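Shown below: entry_33.pdb, with PDB, C-alpha atoms.
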```pdb
ATOM      1  CA  MET C   9     -13.074  24.539   5.772
ATOM      2  CA  ASN C  10     -16.238  22.538   5.162
ATOM      3  CA  THR C  11     -19.142  24.495   3.660
ATOM      4  CA  PRO C  12     -22.707  23.410   2.777
ATOM      5  CA  GLU C  13     -21.936  23.975  -0.917
ATOM      6  CA  MET C  14     -19.262  21.284  -0.764
ATOM      7  CA  GLY C  15     -21.767  18.680   0.392
ATOM      8  CA  ILE C  16     -20.392  15.225   1.059
ATOM      9  CA  HIS C  17     -17.081  16.126  -0.628
ATOM     10  CA  GLY C  18     -16.343  18.654   2.109
ATOM     11  CA  LEU C  19     -16.977  16.029   4.767
ATOM     12  CA  ILE C  20     -14.700  13.578   2.989
ATOM     13  CA  GLU C  21     -11.886  16.132   2.765
ATOM     14  CA  PHE C  22     -12.355  17.134   6.406
ATOM     15  CA  GLY C  23     -12.217  13.447   7.379
ATOM     16  CA  ASN C  24      -9.048  12.933   5.328
ATOM     17  CA  ARG C  25      -7.322  15.866   7.005
ATOM     18  CA  THR C  26      -8.425  14.704  10.455
ATOM     19  CA  LEU C  27      -7.162  11.184   9.829
ATOM     20  CA  THR C  28      -3.892  12.505   8.419
ATOM     21  CA  GLY C  29      -3.331  14.431  11.642
ATOM     22  CA  LEU C  30      -4.121  11.362  13.744
ATOM     23  CA  VAL C  31      -1.960   9.009  11.671
ATOM     24  CA  GLY C  32       0.869  11.560  11.567
ATOM     25  CA  GLY C  33       0.712  11.945  15.350
ATOM     26  CA  LEU C  34       0.842   8.174  15.809
ATOM     27  CA  ALA C  35       3.775   7.906  13.384
ATOM     28  CA  LEU C  36       5.641  10.613  15.322
ATOM     29  CA  ALA C  37       4.897   8.871  18.643
ATOM     30  CA  LEU C  38       6.150   5.595  17.171
ATOM     31  CA  LEU C  39       9.382   7.220  16.027
ATOM     32  CA  LEU C  40       9.896   8.763  19.461
ATOM     33  CA  CYS C  41       9.347   5.356  21.068
ATOM     34  CA  VAL C  42      12.055   3.665  18.998
ATOM     35  CA  PHE C  43      14.446   6.629  18.943
ATOM     36  CA  GLN C  44      16.451   5.373  21.929
ATOM     37  CA  LEU C  45      16.697   1.915  20.345
ATOM     38  CA  ARG C  46      18.089   3.205  17.047
ATOM     39  CA  ALA C  47      21.575   1.777  17.712
ATOM     40  CA  GLN C  48      20.330  -1.711  18.617
ATOM     41  CA  ARG C  49      17.309  -1.848  16.267
ATOM     42  CA  LYS C  50      18.245   0.264  13.280
ATOM     43  CA  ASP C  51      15.615  -1.599  11.227
ATOM     44  CA  LEU C  52      12.789  -0.346  13.466
ATOM     45  CA  TYR C  53      14.135   3.199  13.452
ATOM     46  CA  ILE C  54      14.386   3.271   9.644
ATOM     47  CA  LEU C  55      10.877   1.848   9.227
ATOM     48  CA  ALA C  56       9.365   4.276  11.762
ATOM     49  CA  SER C  57      11.154   7.204  10.103
ATOM     50  CA  SER C  58       9.976   6.071   6.676
ATOM     51  CA  VAL C  59       6.368   5.885   7.830
ATOM     52  CA  LEU C  60       6.484   9.385   9.350
ATOM     53  CA  VAL C  61       8.094  10.908   6.248
ATOM     54  CA  GLY C  62       5.628   8.992   4.066
ATOM     55  CA  VAL C  63       2.615  10.298   5.985
ATOM     56  CA  MET C  64       3.882  13.871   5.641
ATOM     57  CA  ALA C  65       4.499  13.343   1.914
ATOM     58  CA  GLN C  66       1.018  11.840   1.532
ATOM     59  CA  ALA C  67      -0.513  15.002   2.985
ATOM     60  CA  LEU C  68       1.239  16.971   0.249
ATOM     61  CA  VAL C  69       0.205  14.495  -2.460
ATOM     62  CA  GLY C  70      -3.382  14.614  -1.171
ATOM     63  CA  GLY C  71      -3.394  18.376  -1.642
ATOM     64  CA  ILE C  72      -1.967  18.018  -5.131
ATOM     65  CA  THR C  73      -4.652  15.427  -5.878
ATOM     66  CA  VAL C  74      -7.391  17.927  -5.038
ATOM     67  CA  LEU C  75      -5.669  20.802  -6.867
ATOM     68  CA  THR C  76      -5.367  18.722 -10.044
ATOM     69  CA  GLY C  77      -9.104  17.990 -10.053
ATOM     70  CA  LEU C  78      -8.654  14.351  -9.032
ATOM     71  CA  ASN C  79      -6.357  13.538 -11.920
ATOM     72  CA  PRO C  80      -6.526   9.723 -12.123
ATOM     73  CA  PHE C  81      -2.733   9.361 -12.314
ATOM     74  CA  ILE C  82      -2.258  11.427  -9.138
ATOM     75  CA  VAL C  83      -5.142   9.630  -7.401
ATOM     76  CA  GLY C  84      -3.586   6.292  -8.383
ATOM     77  CA  PHE C  85      -0.167   7.353  -7.108
ATOM     78  CA  HIS C  86      -1.769   8.558  -3.864
ATOM     79  CA  TYR C  87      -3.430   5.160  -3.419
ATOM     80  CA  LEU C  88      -0.247   3.189  -4.204
ATOM     81  CA  ALA C  89       1.762   5.354  -1.790
ATOM     82  CA  SER C  90      -0.844   4.725   0.918
ATOM     83  CA  LEU C  91      -0.677   0.991   0.256
ATOM     84  CA  THR C  92       3.117   1.150   0.542
ATOM     85  CA  LEU C  93       2.795   2.887   3.914
ATOM     86  CA  VAL C  94       0.462   0.139   5.121
ATOM     87  CA  CYS C  95       3.021  -2.470   4.026
ATOM     88  CA  LEU C  96       5.856  -0.618   5.789
ATOM     89  CA  SER C  97       3.748  -0.402   8.943
ATOM     90  CA  ALA C  98       2.966  -4.128   8.776
ATOM     91  CA  LEU C  99       6.673  -4.860   8.312
ATOM     92  CA  PHE C 100       7.414  -2.709  11.372
ATOM     93  CA  VAL C 101       4.940  -4.711  13.478
ATOM     94  CA  HIS C 102       6.393  -7.975  12.164
ATOM     95  CA  ARG C 103       9.962  -6.891  12.915
ATOM     96  CA  LEU C 104       8.925  -5.675  16.337
ATOM     97  CA  GLY C 105       7.460  -9.091  17.109
ATOM     98  CA  ALA C 106      10.470 -10.914  15.682
ATOM     99  CA  GLY C 107      12.791  -9.204  18.156
ATOM    100  CA  ALA C 108      16.474  -8.826  17.469
ATOM    101  CA  ARG C 109      16.972 -12.349  16.104
ATOM    102  CA  THR C 110      19.928 -12.998  13.889
ATOM    103  CA  PRO C 111      19.451 -13.655  10.176
ATOM    104  CA  ALA C 112      20.304 -17.351  10.807
ATOM    105  CA  GLY C 113      17.319 -17.531  13.170
ATOM    106  CA  LEU C 114      15.102 -16.214  10.376
ATOM    107  CA  ALA C 115      16.188 -18.770   7.752
ATOM    108  CA  SER C 116      13.488 -20.035   5.406
ATOM    109  CA  PRO C 117      13.582 -22.598   2.616
ATOM    110  CA  ARG C 118      14.553 -21.177  -0.768
ATOM    111  CA  TRP C 119      11.271 -22.318  -2.390
ATOM    112  CA  LEU C 120       9.310 -20.331   0.204
ATOM    113  CA  LYS C 121      11.346 -17.157  -0.357
ATOM    114  CA  ASN C 122      11.018 -17.496  -4.125
ATOM    115  CA  SER C 123       7.274 -18.109  -4.010
ATOM    116  CA  LEU C 124       6.774 -15.176  -1.630
ATOM    117  CA  TRP C 125       8.704 -12.857  -3.944
ATOM    118  CA  ALA C 126       6.776 -14.145  -6.952
ATOM    119  CA  THR C 127       3.449 -13.686  -5.170
ATOM    120  CA  ALA C 128       4.386 -10.200  -3.947
ATOM    121  CA  SER C 129       5.522  -9.191  -7.438
ATOM    122  CA  LEU C 130       2.349 -10.533  -9.026
ATOM    123  CA  THR C 131       0.293  -8.731  -6.375
ATOM    124  CA  ALA C 132       2.065  -5.457  -7.224
ATOM    125  CA  VAL C 133       1.379  -5.940 -10.954
ATOM    126  CA  THR C 134      -2.278  -6.752 -10.220
ATOM    127  CA  VAL C 135      -2.727  -3.689  -8.009
ATOM    128  CA  VAL C 136      -1.045  -1.306 -10.478
ATOM    129  CA  LEU C 137      -3.186  -2.656 -13.323
ATOM    130  CA  GLY C 138      -6.237  -2.274 -11.078
ATOM    131  CA  VAL C 139      -5.366   1.371 -10.441
ATOM    132  CA  LEU C 140      -4.976   1.997 -14.182
ATOM    133  CA  THR C 141      -8.253   0.180 -14.891
ATOM    134  CA  THR C 142     -10.086   2.260 -12.296
ATOM    135  CA  GLY C 143      -8.657   5.463 -13.775
ATOM    136  CA  ALA C 144      -9.848   4.435 -17.249
ATOM    137  CA  GLY C 145     -13.410   3.587 -16.299
ATOM    138  CA  PRO C 146     -16.441   5.775 -15.825
ATOM    139  CA  HIS C 147     -16.477   7.792 -12.614
ATOM    140  CA  SER C 148     -19.531   6.858 -10.574
ATOM    141  CA  GLY C 149     -20.011  10.297  -9.090
ATOM    142  CA  ASP C 150     -19.191  12.671 -11.933
ATOM    143  CA  ALA C 151     -19.451  12.083 -15.680
ATOM    144  CA  ALA C 152     -17.135  15.062 -16.273
ATOM    145  CA  ALA C 153     -14.338  13.673 -14.068
ATOM    146  CA  GLY C 154     -10.982  13.206 -15.761
ATOM    147  CA  ARG C 155     -10.000   9.775 -17.013
ATOM    148  CA  ASN C 156      -6.554   8.531 -17.928
ATOM    149  CA  GLY C 157      -7.407   7.873 -21.591
ATOM    150  CA  PHE C 158      -6.748   4.122 -21.599
ATOM    151  CA  ASN C 159      -9.298   1.674 -22.984
ATOM    152  CA  ALA C 160     -11.192   0.462 -19.904
ATOM    153  CA  VAL C 161     -12.519  -2.715 -21.558
ATOM    154  CA  ILE C 162      -9.055  -3.900 -22.620
ATOM    155  CA  LEU C 163      -7.567  -2.979 -19.250
ATOM    156  CA  GLN C 164     -10.280  -4.956 -17.442
ATOM    157  CA  HIS C 165      -9.127  -8.087 -19.276
ATOM    158  CA  VAL C 166      -5.426  -7.347 -18.824
ATOM    159  CA  HIS C 167      -6.039  -6.727 -15.103
ATOM    160  CA  ALA C 168      -7.978 -10.001 -14.790
ATOM    161  CA  TRP C 169      -5.142 -12.210 -16.086
ATOM    162  CA  PRO C 170      -2.672 -11.620 -13.229
ATOM    163  CA  SER C 171      -5.629 -11.630 -10.811
ATOM    164  CA  TYR C 172      -6.540 -15.180 -11.840
ATOM    165  CA  LEU C 173      -2.908 -16.278 -11.618
ATOM    166  CA  LEU C 174      -2.651 -14.703  -8.179
ATOM    167  CA  ILE C 175      -5.669 -16.697  -7.007
ATOM    168  CA  VAL C 176      -4.058 -19.905  -8.252
ATOM    169  CA  MET C 177      -0.706 -19.079  -6.634
ATOM    170  CA  THR C 178      -2.390 -18.246  -3.348
ATOM    171  CA  ALA C 179      -4.451 -21.448  -3.287
ATOM    172  CA  ALA C 180      -1.732 -23.843  -4.493
ATOM    173  CA  PRO C 181       0.168 -25.745  -1.810
ATOM    174  CA  GLY C 182       3.932 -25.441  -1.858
ATOM    175  CA  PRO C 183       6.489 -28.300  -1.842
ATOM    176  CA  GLY C 184       6.154 -30.362   1.285
ATOM    177  CA  LEU C 185       2.769 -28.823   1.986
ATOM    178  CA  ALA C 186       0.675 -31.194  -0.123
ATOM    179  CA  LEU C 187      -2.811 -31.651   1.175
ATOM    180  CA  GLU C 188      -3.259 -34.807   3.223
ATOM    181  CA  GLU C 189      -5.660 -37.382   1.885
ATOM    182  CA  ALA C 190      -8.751 -38.001   3.979
TER     183      ALA C 190
END
```

Take the structure in the file and give it back as structure tokens.
Amino acid sequence: MNTPEMGIHGLIEFGNRTLTGLVGGLALALLLCVFQLRAQRKDLYILASSVLVGVMAQALVGGITVLTGLNPFIVGFHYLASLTLVCLSALFVHRLGAGARTPAGLASPRWLKNSLWATASLTAVTVVLGVLTTGAGPHSGDAAAGRNGFNAVILQHVHAWPSYLLIVMTAAPGPGLALEEA
């Protein structure tokens, strides 16, 4: 329950709980929509089930986050789990749009698959290092907030290295995609 003593923090928590209910309801509706297709589109059923279970688990982790006084490791895990749920949801939408095509109809060149895996892996490393860096730095709202104990200055540099590489990988054209001369 939101009280005046809680100030903006009470509103934030109330908003989180409200959104969790809305997102959970949408995840349940999505699962019910694909339930009858589970034999033909097992991929959609598994993804929809994973999102619903993930949303329920996130509600529990959110409570643990508050009970642990915003422990930066729990906050970081909560964020990474949320990001994973967004990725699963995006994959669901992609698979839904792709229809029930066969794997042969989804063939891609090996260089593209390899570069996508490399970029996704580098993105994951960059995000995890960003979470650790955030947990090491000063908390903007509360000087007494818990930190993870890592050296924030060193982590800022370590986090920057894969970030720069990710920018280069994202901007670089792949084989056969060389920029045309004007």

At a cut-off of 10 Å, using only C-alpha atoms, what residues contact stretch 91-99 of chain C? Leave out same-chain residues fewer than 3 positions from it and give the result as a CSV table (one decimal) with C-alpha atoms, in the coordinates of the input.
```csv
chain,number,residue,atom,x,y,z
C,35,ALA,CA,3.8,7.9,13.4
C,51,ASP,CA,15.6,-1.6,11.2
C,52,LEU,CA,12.8,-0.3,13.5
C,55,LEU,CA,10.9,1.8,9.2
C,56,ALA,CA,9.4,4.3,11.8
C,58,SER,CA,10.0,6.1,6.7
C,59,VAL,CA,6.4,5.9,7.8
C,60,LEU,CA,6.5,9.4,9.4
C,61,VAL,CA,8.1,10.9,6.2
C,62,GLY,CA,5.6,9.0,4.1
C,63,VAL,CA,2.6,10.3,6.0
C,66,GLN,CA,1.0,11.8,1.5
C,85,PHE,CA,-0.2,7.4,-7.1
C,86,HIS,CA,-1.8,8.6,-3.9
C,87,TYR,CA,-3.4,5.2,-3.4
C,88,LEU,CA,-0.2,3.2,-4.2
C,102,HIS,CA,6.4,-8.0,12.2
C,103,ARG,CA,10.0,-6.9,12.9
C,104,LEU,CA,8.9,-5.7,16.3
C,105,GLY,CA,7.5,-9.1,17.1
C,135,VAL,CA,-2.7,-3.7,-8.0
```

| field | For atom CA of C:Leu174 and atom CA of C:Ala132, the interatomic separation in Å (one decimal) | value | 10.4 Å

How close does each residue of stretch 139-181 of chain C get to stretch 119-130 of chain C, giving the shortest atom pair and distance in Å to one decimal for every residue with an atom at most 9 Å away, counting all atoms listed in the file, sorted by chain and residue number, as a tab-separated table?
```
residue	atom	partner	partner_atom	distance
C:Pro170	CA	C:Leu130	CA	6.6
C:Ser171	CA	C:Leu130	CA	8.2
C:Leu173	CA	C:Leu130	CA	8.2
C:Leu174	CA	C:Leu130	CA	6.6
C:Met177	CA	C:Thr127	CA	7.0
C:Thr178	CA	C:Thr127	CA	7.6
```

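From atom CA of C:Gly143 back to atom CA of C:Gly157, the distance works out to 8.3 Å.
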
Selection result for the PyMOL selection byres ((chain C and resi 71-74) around 12) on this file, as an mmCIF file with C-alpha atoms, in the coordinates of the input:
```cif
data_model
loop_
_atom_site.group_PDB
_atom_site.id
_atom_site.type_symbol
_atom_site.label_atom_id
_atom_site.label_comp_id
_atom_site.auth_asym_id
_atom_site.auth_seq_id
_atom_site.Cartn_x
_atom_site.Cartn_y
_atom_site.Cartn_z
ATOM 1 C CA HIS C 17 -17.081 16.126 -0.628
ATOM 2 C CA GLY C 18 -16.343 18.654 2.109
ATOM 3 C CA ILE C 20 -14.700 13.578 2.989
ATOM 4 C CA GLU C 21 -11.886 16.132 2.765
ATOM 5 C CA ASN C 24 -9.048 12.933 5.328
ATOM 6 C CA ARG C 25 -7.322 15.866 7.005
ATOM 7 C CA THR C 28 -3.892 12.505 8.419
ATOM 8 C CA MET C 64 3.882 13.871 5.641
ATOM 9 C CA ALA C 65 4.499 13.343 1.914
ATOM 10 C CA GLN C 66 1.018 11.840 1.532
ATOM 11 C CA ALA C 67 -0.513 15.002 2.985
ATOM 12 C CA LEU C 68 1.239 16.971 0.249
ATOM 13 C CA VAL C 69 0.205 14.495 -2.460
ATOM 14 C CA GLY C 70 -3.382 14.614 -1.171
ATOM 15 C CA LEU C 75 -5.669 20.802 -6.867
ATOM 16 C CA THR C 76 -5.367 18.722 -10.044
ATOM 17 C CA GLY C 77 -9.104 17.990 -10.053
ATOM 18 C CA LEU C 78 -8.654 14.351 -9.032
ATOM 19 C CA ASN C 79 -6.357 13.538 -11.920
ATOM 20 C CA PRO C 80 -6.526 9.723 -12.123
ATOM 21 C CA PHE C 81 -2.733 9.361 -12.314
ATOM 22 C CA ILE C 82 -2.258 11.427 -9.138
ATOM 23 C CA VAL C 83 -5.142 9.630 -7.401
ATOM 24 C CA GLY C 84 -3.586 6.292 -8.383
ATOM 25 C CA PHE C 85 -0.167 7.353 -7.108
ATOM 26 C CA HIS C 86 -1.769 8.558 -3.864
ATOM 27 C CA TYR C 87 -3.430 5.160 -3.419
ATOM 28 C CA GLY C 154 -10.982 13.206 -15.761
#
```

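The interatomic distance for the pair atom CA of C:Leu140 and atom CA of C:Val161 works out to 11.6 Å.
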
The PyMOL selection byres ((chain C and resi 166) around 12) resolved against shown file, as a PDB file with C-alpha atoms, keeping the file's coordinate frame:
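Final output, saved to out-v1.pdb:
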```pdb
ATOM      1  CA  VAL C 133       1.379  -5.940 -10.954  1.00  0.00           C
ATOM      2  CA  THR C 134      -2.278  -6.752 -10.220  1.00  0.00           C
ATOM      3  CA  VAL C 135      -2.727  -3.689  -8.009  1.00  0.00           C
ATOM      4  CA  VAL C 136      -1.045  -1.306 -10.478  1.00  0.00           C
ATOM      5  CA  LEU C 137      -3.186  -2.656 -13.323  1.00  0.00           C
ATOM      6  CA  GLY C 138      -6.237  -2.274 -11.078  1.00  0.00           C
ATOM      7  CA  LEU C 140      -4.976   1.997 -14.182  1.00  0.00           C
ATOM      8  CA  THR C 141      -8.253   0.180 -14.891  1.00  0.00           C
ATOM      9  CA  PHE C 158      -6.748   4.122 -21.599  1.00  0.00           C
ATOM     10  CA  ASN C 159      -9.298   1.674 -22.984  1.00  0.00           C
ATOM     11  CA  ALA C 160     -11.192   0.462 -19.904  1.00  0.00           C
ATOM     12  CA  VAL C 161     -12.519  -2.715 -21.558  1.00  0.00           C
ATOM     13  CA  ILE C 162      -9.055  -3.900 -22.620  1.00  0.00           C
ATOM     14  CA  LEU C 163      -7.567  -2.979 -19.250  1.00  0.00           C
ATOM     15  CA  GLN C 164     -10.280  -4.956 -17.442  1.00  0.00           C
ATOM     16  CA  HIS C 165      -9.127  -8.087 -19.276  1.00  0.00           C
ATOM     17  CA  HIS C 167      -6.039  -6.727 -15.103  1.00  0.00           C
ATOM     18  CA  ALA C 168      -7.978 -10.001 -14.790  1.00  0.00           C
ATOM     19  CA  TRP C 169      -5.142 -12.210 -16.086  1.00  0.00           C
ATOM     20  CA  PRO C 170      -2.672 -11.620 -13.229  1.00  0.00           C
ATOM     21  CA  SER C 171      -5.629 -11.630 -10.811  1.00  0.00           C
ATOM     22  CA  TYR C 172      -6.540 -15.180 -11.840  1.00  0.00           C
ATOM     23  CA  LEU C 173      -2.908 -16.278 -11.618  1.00  0.00           C
TER      24      LEU C 173
END
```

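When only C-alpha atoms are used to measure the gap to C:Val101, the shortest distance among C:Leu38, C:Leu45, C:Ala153, C:Leu30 belongs to C:Leu38.
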
Stretch 34-44 of chain C, all listed atoms, 5 Å padding on each side: what axis-aligned box centre and edge lengths in Å to one decimal come out, as JSON?
```
{"center_x": 8.6, "center_y": 7.1, "center_z": 17.7, "size_x": 25.6, "size_y": 16.9, "size_z": 18.5}
```
